[in-house]
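Data from my_file_12.cif: mmCIF, C-alpha atoms and all ligand atoms
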data_final
#
loop_
_atom_site.label_atom_id
_atom_site.label_comp_id
_atom_site.auth_asym_id
_atom_site.auth_seq_id
_atom_site.Cartn_x
_atom_site.Cartn_y
_atom_site.Cartn_z
CA MET T 1 2.65 65.99 10.26
CA ASN T 2 -0.44 67.81 11.47
CA PRO T 3 -0.32 69.25 14.99
CA VAL T 4 -2.75 68.04 17.68
CA PRO T 5 -6.27 68.75 16.37
CA HIS T 6 -7.68 71.98 17.77
CA HIS T 7 -11.26 70.69 17.63
CA ILE T 8 -12.19 67.04 18.12
CA ALA T 9 -15.79 65.88 17.68
CA ILE T 10 -17.00 62.48 18.87
CA VAL T 11 -20.08 60.33 18.27
CA MET T 12 -19.99 58.44 21.56
CA ASP T 13 -21.62 55.20 20.43
CA GLY T 14 -21.78 51.70 21.91
CA ASN T 15 -23.02 52.23 25.49
CA GLY T 16 -25.98 49.87 25.04
CA ARG T 17 -23.86 47.06 23.59
CA TRP T 18 -21.32 47.49 26.38
CA ALA T 19 -24.09 46.96 28.94
CA ASN T 20 -25.74 44.09 27.01
CA ALA T 21 -22.46 42.20 26.90
CA ARG T 22 -22.38 42.35 30.72
CA PHE T 23 -26.08 41.46 31.19
CA LEU T 24 -26.66 44.94 32.59
CA PRO T 25 -29.49 47.36 31.77
CA ARG T 26 -28.67 49.78 28.95
CA ILE T 27 -28.65 52.72 31.37
CA ALA T 28 -25.64 51.13 33.13
CA GLY T 29 -23.80 51.51 29.82
CA HIS T 30 -24.77 55.18 29.64
CA LYS T 31 -23.48 55.71 33.19
CA GLN T 32 -20.19 54.11 32.23
CA GLY T 33 -20.24 56.37 29.17
CA VAL T 34 -20.26 59.43 31.44
CA ASN T 35 -17.11 58.13 33.17
CA SER T 36 -15.49 57.59 29.79
CA LEU T 37 -16.34 61.16 28.77
CA SER T 38 -14.89 62.52 31.97
CA ARG T 39 -11.62 60.68 31.27
CA CYS T 40 -11.62 61.83 27.66
CA VAL T 41 -12.09 65.49 28.65
CA ARG T 42 -9.12 65.27 31.02
CA ALA T 43 -7.00 63.66 28.31
CA CYS T 44 -7.96 66.37 25.80
CA VAL T 45 -7.01 69.13 28.27
CA GLU T 46 -3.63 67.44 28.83
CA ARG T 47 -3.00 67.16 25.09
CA GLY T 48 -3.80 70.81 24.38
CA VAL T 49 -7.04 70.24 22.46
CA GLY T 50 -9.05 73.48 22.45
CA VAL T 51 -12.55 72.26 21.67
CA LEU T 52 -14.25 68.92 22.26
CA THR T 53 -17.76 68.40 20.87
CA VAL T 54 -19.63 65.25 21.84
CA PHE T 55 -22.93 63.76 20.71
CA ALA T 56 -24.92 62.80 23.81
CA PHE T 57 -28.55 62.65 22.61
CA SER T 58 -29.79 62.94 19.04
CA SER T 59 -33.06 64.37 17.70
CA GLU T 60 -33.88 60.75 16.78
CA ASN T 61 -33.06 59.25 20.19
CA TRP T 62 -36.58 60.26 21.39
CA ASN T 63 -37.72 57.19 19.45
CA ARG T 64 -36.06 54.87 21.98
CA PRO T 65 -38.11 53.11 24.70
CA SER T 66 -39.49 55.72 27.10
CA GLU T 67 -37.63 54.30 30.13
CA GLU T 68 -34.32 54.70 28.30
CA VAL T 69 -35.17 58.29 27.32
CA SER T 70 -36.20 59.22 30.86
CA GLY T 71 -33.11 57.43 32.21
CA LEU T 72 -30.89 59.51 29.92
CA MET T 73 -32.60 62.75 31.01
CA GLU T 74 -32.14 61.81 34.67
CA LEU T 75 -28.53 60.84 34.03
CA MET T 76 -27.85 64.27 32.55
CA VAL T 77 -29.05 65.98 35.76
CA VAL T 78 -27.07 63.60 38.01
CA ALA T 79 -23.91 63.77 35.86
CA LEU T 80 -23.95 67.58 35.85
CA ALA T 81 -24.22 67.72 39.65
CA LYS T 82 -21.26 65.35 39.92
CA GLU T 83 -19.01 66.56 37.10
CA VAL T 84 -19.46 70.34 36.87
CA PRO T 85 -17.32 71.21 39.94
CA ARG T 86 -14.42 69.16 38.55
CA LEU T 87 -14.83 70.52 35.03
CA ASN T 88 -14.85 74.01 36.48
CA ASP T 89 -11.61 73.34 38.41
CA ASN T 90 -10.01 72.13 35.18
CA GLY T 91 -10.88 75.28 33.24
CA VAL T 92 -13.53 73.62 31.05
CA GLN T 93 -16.29 75.78 29.58
CA LEU T 94 -19.47 73.77 29.07
CA ARG T 95 -21.86 74.58 26.23
CA PHE T 96 -25.02 72.68 25.35
CA VAL T 97 -25.97 72.56 21.71
CA GLY T 98 -29.43 71.51 20.60
CA ASP T 99 -33.13 72.27 20.84
CA ARG T 100 -33.96 72.92 24.51
CA GLN T 101 -37.69 73.45 23.96
CA ARG T 102 -38.61 69.79 24.30
CA LEU T 103 -36.57 69.32 27.49
CA SER T 104 -38.18 69.41 30.94
CA ASP T 105 -37.73 72.52 33.09
CA ARG T 106 -35.49 70.53 35.41
CA VAL T 107 -33.10 69.44 32.67
CA ARG T 108 -33.13 72.88 31.04
CA HIS T 109 -32.34 74.50 34.37
CA GLY T 110 -29.42 72.07 34.86
CA LEU T 111 -27.96 72.94 31.46
CA ASP T 112 -28.36 76.69 32.02
CA LYS T 113 -26.74 76.53 35.43
CA ALA T 114 -23.76 74.45 34.23
CA GLU T 115 -23.18 76.94 31.39
CA GLN T 116 -23.34 79.92 33.76
CA THR T 117 -20.97 78.30 36.28
CA THR T 118 -18.30 77.54 33.66
CA ALA T 119 -18.79 80.52 31.31
CA ALA T 120 -15.49 82.24 32.10
CA ASN T 121 -13.28 79.15 31.63
CA GLN T 122 -10.79 79.23 28.78
CA ARG T 123 -8.80 76.03 28.75
CA LEU T 124 -11.17 73.81 26.78
CA VAL T 125 -14.65 74.33 25.35
CA LEU T 126 -16.79 71.21 25.82
CA ASN T 127 -19.86 71.28 23.56
CA VAL T 128 -22.39 68.67 24.56
CA CYS T 129 -24.86 68.06 21.73
CA PHE T 130 -28.14 67.21 23.44
CA ASN T 131 -31.40 66.94 21.55
CA TYR T 132 -29.25 67.90 18.60
CA GLY T 133 -29.34 66.99 14.93
CA GLY T 134 -27.27 68.39 12.07
CA ARG T 135 -30.45 68.92 10.06
CA TRP T 136 -32.10 70.73 12.97
CA ASP T 137 -29.11 73.09 13.16
CA ILE T 138 -29.17 73.91 9.44
CA ALA T 139 -32.97 74.45 9.51
CA GLN T 140 -32.92 76.62 12.64
CA ALA T 141 -30.09 78.73 11.17
CA ALA T 142 -32.05 79.23 7.92
CA GLN T 143 -35.20 80.13 9.89
CA LYS T 144 -33.27 82.68 11.94
CA LEU T 145 -31.95 84.38 8.79
CA ALA T 146 -35.36 84.29 7.09
CA SER T 147 -37.07 85.87 10.11
CA ARG T 148 -34.52 88.70 10.06
CA GLY T 149 -34.89 89.08 6.30
CA GLU T 150 -31.19 88.35 5.78
CA ALA T 151 -29.69 86.78 2.68
CA ILE T 152 -28.83 83.10 2.91
CA THR T 153 -25.16 82.61 2.07
CA GLU T 154 -22.61 80.07 3.31
CA GLN T 155 -21.18 82.69 5.59
CA SER T 156 -24.46 83.94 7.06
CA LEU T 157 -25.70 80.36 7.60
CA ASN T 158 -22.42 79.46 9.25
CA GLN T 159 -22.79 82.37 11.65
CA ALA T 160 -26.38 81.45 12.50
CA MET T 161 -25.55 77.85 13.39
CA ALA T 162 -25.76 76.65 16.99
CA LEU T 163 -22.04 75.76 16.75
CA ALA T 164 -20.96 79.17 15.41
CA HIS T 165 -18.88 79.85 18.54
CA VAL T 166 -16.22 77.29 17.52
CA PRO T 167 -14.31 76.52 14.32
CA ASP T 168 -15.16 73.36 12.33
CA PRO T 169 -13.89 70.08 13.79
CA ASP T 170 -10.47 68.95 12.57
CA LEU T 171 -10.98 65.35 13.64
CA LEU T 172 -14.34 63.55 13.90
CA ILE T 173 -14.31 60.22 15.74
CA ARG T 174 -17.11 57.65 15.90
CA THR T 175 -16.77 54.78 18.34
CA GLY T 176 -18.81 51.57 18.39
CA GLY T 177 -17.85 50.22 14.96
CA GLU T 178 -20.52 51.98 12.84
CA PHE T 179 -19.56 53.91 9.72
CA ARG T 180 -22.09 56.71 9.66
CA LEU T 181 -22.66 60.23 10.99
CA SER T 182 -26.24 59.67 12.26
CA ASN T 183 -27.12 63.36 11.78
CA PHE T 184 -24.05 64.73 13.60
CA MET T 185 -22.40 67.99 12.48
CA LEU T 186 -23.51 67.63 8.86
CA TRP T 187 -22.56 71.19 7.96
CA GLN T 188 -19.39 71.52 10.02
CA SER T 189 -17.78 68.19 9.08
CA ALA T 190 -17.29 69.12 5.40
CA TYR T 191 -13.48 68.91 5.75
CA SER T 192 -13.08 67.02 9.02
CA GLU T 193 -10.81 64.00 9.05
CA LEU T 194 -12.90 60.96 9.96
CA PHE T 195 -11.77 58.20 12.30
CA PHE T 196 -13.85 55.12 13.10
CA SER T 197 -13.04 53.03 16.14
CA ASP T 198 -14.34 49.54 16.95
CA ARG T 199 -14.12 50.32 20.65
CA LEU T 200 -17.44 50.76 22.43
CA TRP T 201 -17.62 54.23 23.99
CA PRO T 202 -17.26 53.08 27.65
CA GLU T 203 -13.97 51.41 26.61
CA PHE T 204 -12.58 54.37 24.66
CA ASP T 205 -9.55 55.30 26.78
CA GLU T 206 -6.50 57.56 26.49
CA ALA T 207 -4.64 55.05 24.30
CA ALA T 208 -7.59 54.90 21.88
CA LEU T 209 -7.71 58.71 21.76
CA ASP T 210 -3.97 58.84 21.07
CA GLN T 211 -4.43 56.35 18.24
CA ALA T 212 -7.00 58.64 16.64
CA ILE T 213 -4.77 61.71 17.10
CA ALA T 214 -1.81 59.79 15.63
CA ALA T 215 -3.86 58.78 12.57
CA PHE T 216 -4.91 62.43 12.18
CA SER T 217 -1.30 63.62 12.36
CA HIS T 218 -0.50 61.61 9.20
CA ARG T 219 -3.45 62.75 7.10
CA GLU T 220 -2.82 65.20 4.29
CA ARG T 221 -5.51 67.88 4.41
CA ARG T 222 -5.87 69.35 0.94
CA PHE T 223 -9.08 71.43 1.11
CA GLY T 224 -9.58 70.95 -2.61
CA GLN T 225 -6.00 71.68 -3.64
CA THR T 226 -3.40 69.31 -5.06
CA THR T 227 -0.71 67.51 -3.07
CA ALA T 228 1.97 69.59 -4.83
CA GLN T 229 0.29 72.86 -3.81
CA VAL T 230 -0.13 71.74 -0.21
CA ARG T 231 3.52 70.64 0.08
CA THR T 232 4.85 73.89 -1.42
CA GLN T 233 2.86 75.87 1.15
CA VAL T 234 4.13 73.73 4.00
CA ARG T 235 7.72 74.48 2.92
CA ALA T 236 6.98 78.21 2.59
CA HIS T 237 5.11 78.59 5.90
CA PRO T 238 5.96 75.69 8.16
CA GLY T 239 3.73 75.44 11.22
CA ALA T 240 0.58 77.17 9.92
CA PRO T 241 -2.45 75.02 9.00
CA SER T 242 -2.40 74.49 5.23
CA HIS T 243 -5.91 75.86 4.50
CA GLU T 244 -5.02 79.16 6.18
CA LYS T 245 -1.79 79.47 4.23
CA ALA T 246 -3.69 79.28 0.96
CA ALA T 247 -5.66 82.44 1.78
C1 LIG H 1 -24.71 55.93 22.42
O1 LIG H 1 -24.79 54.60 22.79
C2 LIG H 1 -25.39 56.85 23.41
C3 LIG H 1 -26.69 57.38 22.97
C4 LIG H 1 -27.18 57.28 21.78
C5 LIG H 1 -27.48 58.07 23.97
P1 LIG H 1 -25.99 53.70 22.31
O2 LIG H 1 -27.05 53.72 23.37
O3 LIG H 1 -26.44 54.06 20.96
O4 LIG H 1 -25.29 52.27 22.30
P2 LIG H 1 -25.54 51.09 21.26
O5 LIG H 1 -25.27 51.65 19.89
O6 LIG H 1 -26.97 50.67 21.42
O7 LIG H 1 -24.57 50.05 21.66
C1 LIG H 2 -25.80 58.51 17.53
O1 LIG H 2 -25.85 57.20 17.94
C2 LIG H 2 -26.29 59.42 18.60
C3 LIG H 2 -25.43 59.52 19.78
C4 LIG H 2 -24.28 58.96 19.97
C5 LIG H 2 -25.95 60.37 20.83
P1 LIG H 2 -27.11 56.26 17.63
O2 LIG H 2 -26.82 54.95 18.29
O3 LIG H 2 -28.38 56.93 18.00
O4 LIG H 2 -27.04 56.12 16.04
P2 LIG H 2 -27.71 55.04 15.09
O5 LIG H 2 -29.18 54.99 15.44
O6 LIG H 2 -27.07 53.72 15.35
O7 LIG H 2 -27.44 55.52 13.70
MG MG H 3 -25.90 53.44 19.11
#

Could I get this structure in the form of structure tokens?
Ligand code: IPE
Ligand code: IPE
Ligand code: MG
Amino acid sequence: MNPVPHHIAIVMDGNGRWANARFLPRIAGHKQGVNSLSRCVRACVERGVGVLTVFAFSSENWNRPSEEVSGLMELMVVALAKEVPRLNDNGVQLRFVGDRQRLSDRVRHGLDKAEQTTAANQRLVLNVCFNYGGRWDIAQAAQKLASRGEAITEQSLNQAMALAHVPDPDLLIRTGGEFRLSNFMLWQSAYSELFFSDRLWPEFDEAALDQAIAAFSHRERRFGQTTAQVRTQVRAHPGAPSHEKAA
């Protein structure tokens, strides 16, 4: 059995459908999505998860109707004002991952301030991917290396990524019933265990999270090796993650 995943990543999808089903505007679904995230963060802290990375706004989400985009930007500012004090009390370190250049000064200031306020917290790192795309991250990492005249290797690219401050996700969850990554963590999810939930994000509760963690606990992570190799290592070094034992 695998221990509780150290790093969980989530594509929080289904807010719009949740609102549509209730004859509410889509933004009402996004607001409910913030409440769901707040509950999920608390549950992750309680379960000993070290890193939670969530997809809040993709590089492609700019293509949505302008009132939805501006509603999401406004919601970010409002949600930070409401949630940061509580996150801070719970030892959560907030990090925003994505291209900040296209964001308004007001939003950018909100993100900077939330990061500064929570920078010293150690209990859980919450990465919020905002104006983020997996392809953007790979391209910006390559550009960084090229501008410094450094060689492009797996290791150097990895270190230049916007998510270099955390290890790769162990478990990647997508809610909302779709079976795709939609440009999320393309580089880092190479060996993540994938879990797809039919629940719409506003309805993804502690029980749904526990279901995903339980499914993860039964997966055999082989990292390219054979089952026999993995099982021998588990007997020799019980408790250590199998890919570290191989080294
Ligand atoms: C995910 O919910 C949140 C964002 C992309 C901002 P959606 O808004 O994509 O919800 P559905 O997929 O339309 O139901
Ligand atoms: C992915 O969801 C982005 C976020 C959850 C922020 P989308 O709803 O944008 O993905 P597609 O368009 O259905 O692939
Ligand atoms: Mg969607």

Counting all atoms listed in the file, which residues in chain T sit no more than 9 Å from ligand LIG 2 (chain H)? For each one, give the nearest pair of atoms and the distance in Å, sorted by chain then residue number, as a Markdown table.
| residue | atom | partner | partner_atom | distance |
| --- | --- | --- | --- | --- |
| T:Ile10 | CA | H:LIG2 | C4 | 8.2 |
| T:Val11 | CA | H:LIG2 | C4 | 4.7 |
| T:Met12 | CA | H:LIG2 | C4 | 4.6 |
| T:Asp13 | CA | H:LIG2 | C4 | 4.6 |
| T:Gly14 | CA | H:LIG2 | O2 | 7.0 |
| T:Asn15 | CA | H:LIG2 | O2 | 8.6 |
| T:Gly16 | CA | H:LIG2 | O2 | 8.5 |
| T:Val54 | CA | H:LIG2 | C4 | 8.0 |
| T:Phe55 | CA | H:LIG2 | C5 | 4.5 |
| T:Ala56 | CA | H:LIG2 | C5 | 4.0 |
| T:Phe57 | CA | H:LIG2 | C5 | 3.9 |
| T:Ser58 | CA | H:LIG2 | C5 | 5.0 |
| T:Ser59 | CA | H:LIG2 | C2 | 8.4 |
| T:Glu60 | CA | H:LIG2 | O3 | 6.8 |
| T:Asn61 | CA | H:LIG2 | O3 | 5.7 |
| T:Arg64 | CA | H:LIG2 | O3 | 8.9 |
| T:Cys129 | CA | H:LIG2 | C5 | 7.8 |
| T:Phe130 | CA | H:LIG2 | C5 | 7.6 |
| T:Asn131 | CA | H:LIG2 | C5 | 8.6 |
| T:Tyr132 | CA | H:LIG2 | C5 | 8.5 |
| T:Gly133 | CA | H:LIG2 | C2 | 8.9 |
| T:Arg174 | CA | H:LIG2 | C4 | 8.3 |
| T:Thr175 | CA | H:LIG2 | C4 | 8.7 |
| T:Gly176 | CA | H:LIG2 | O2 | 8.7 |
| T:Glu178 | CA | H:LIG2 | O6 | 7.2 |
| T:Phe179 | CA | H:LIG2 | O7 | 9.0 |
| T:Arg180 | CA | H:LIG2 | O7 | 6.8 |
| T:Leu181 | CA | H:LIG2 | O7 | 7.2 |
| T:Ser182 | CA | H:LIG2 | O7 | 4.6 |
| T:Asn183 | CA | H:LIG2 | C1 | 7.6 |
| T:Phe184 | CA | H:LIG2 | C1 | 7.6 |

As a ChimeraX atom specification, please: the residues near Leu80 of chain T (cut-off 12 Å, all atoms listed in the file, same-chain neighbours under 3 positions excluded). /T:34-35,38,73-77,83-88,94,96,106-115,117-118,128

Quick one: distance from atom CA of Leu157 of chain T to atom CA of Asp99 of chain T in Å, one decimal?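 Atom CA of Asp99 of chain T lies 17.2 Å from atom CA of Leu157 of chain T.
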
If I take atom CA of Val4 of chain T and atom CA of Ile213 of chain T, how far is one from the other in Å, to one decimal?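 Between atom CA of Val4 of chain T and atom CA of Ile213 of chain T the gap is 6.7 Å.
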
May I ask which of the residues T:Ala164, T:Met1, T:Val51, T:Ala19 is the closest one to ligand MG 3 (chain H), counting all atoms listed in the file?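 Selected residue with least distance to ligand MG 3 (chain H): T:Ala19.
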
So the first atom is atom CA of Thr227 of chain T and the second is atom CA of Ala208 of chain T; what is the distance between them in Å, to one decimal place? 28.8 Å

Nearest to ligand MG 3 (chain H): which of T:Trp62, T:Trp201, T:Trp136, T:Phe23 is it, counting all atoms listed in the file?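 Checking each of T:Trp62, T:Trp201, T:Trp136, T:Phe23 against ligand MG 3 (chain H), counting all atoms listed in the file, the winner is T:Trp201.
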
Using only C-alpha atoms, which protein or nucleic acid residues come within 12 Å of segment 46-48 of chain T? Drop anything in the same chain fewer than 2 positions from it, and give the result as a CSV table (one decimal) with C-alpha atoms, keeping the file's coordinate frame.
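Result file follows (selection35.csv):
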chain,number,residue,atom,x,y,z
T,3,PRO,CA,-0.3,69.2,15.0
T,4,VAL,CA,-2.8,68.0,17.7
T,5,PRO,CA,-6.3,68.8,16.4
T,6,HIS,CA,-7.7,72.0,17.8
T,7,HIS,CA,-11.3,70.7,17.6
T,8,ILE,CA,-12.2,67.0,18.1
T,39,ARG,CA,-11.6,60.7,31.3
T,40,CYS,CA,-11.6,61.8,27.7
T,41,VAL,CA,-12.1,65.5,28.6
T,42,ARG,CA,-9.1,65.3,31.0
T,43,ALA,CA,-7.0,63.7,28.3
T,44,CYS,CA,-8.0,66.4,25.8
T,50,GLY,CA,-9.0,73.5,22.4
T,51,VAL,CA,-12.6,72.3,21.7
T,52,LEU,CA,-14.2,68.9,22.3
T,90,ASN,CA,-10.0,72.1,35.2
T,91,GLY,CA,-10.9,75.3,33.2
T,92,VAL,CA,-13.5,73.6,31.0
T,122,GLN,CA,-10.8,79.2,28.8
T,123,ARG,CA,-8.8,76.0,28.8
T,124,LEU,CA,-11.2,73.8,26.8
T,125,VAL,CA,-14.6,74.3,25.4
T,206,GLU,CA,-6.5,57.6,26.5
T,209,LEU,CA,-7.7,58.7,21.8
T,210,ASP,CA,-4.0,58.8,21.1
T,213,ILE,CA,-4.8,61.7,17.1

Need the axis-aligned box for ligand LIG 1 (chain H) with 8 Å each side, so what are the centre and edges in Å to one decimal, as JSON?
{"center_x": -26.0, "center_y": 54.1, "center_z": 21.9, "size_x": 18.9, "size_y": 24.0, "size_z": 20.1}

Go through T:Leu200, T:Met161, T:Lys144, T:Leu126 and flag the residue nearest ligand MG 3 (chain H), using only C-alpha atoms and all ligand atoms for the distances. T:Leu200

I'd like to know which of T:Gly71, T:Pro238, T:Gly134, T:Pro25 is closest to Leu163 of chain T, using only C-alpha atoms. T:Gly134

With only C-alpha atoms as the counted atoms, please give the residues lying no more than 9 Å from Ala141 of chain T, apart from itself and same-chain residues fewer than 4 positions off, as a PyMOL selection string. chain T and resi 136-137+145-146+156-162
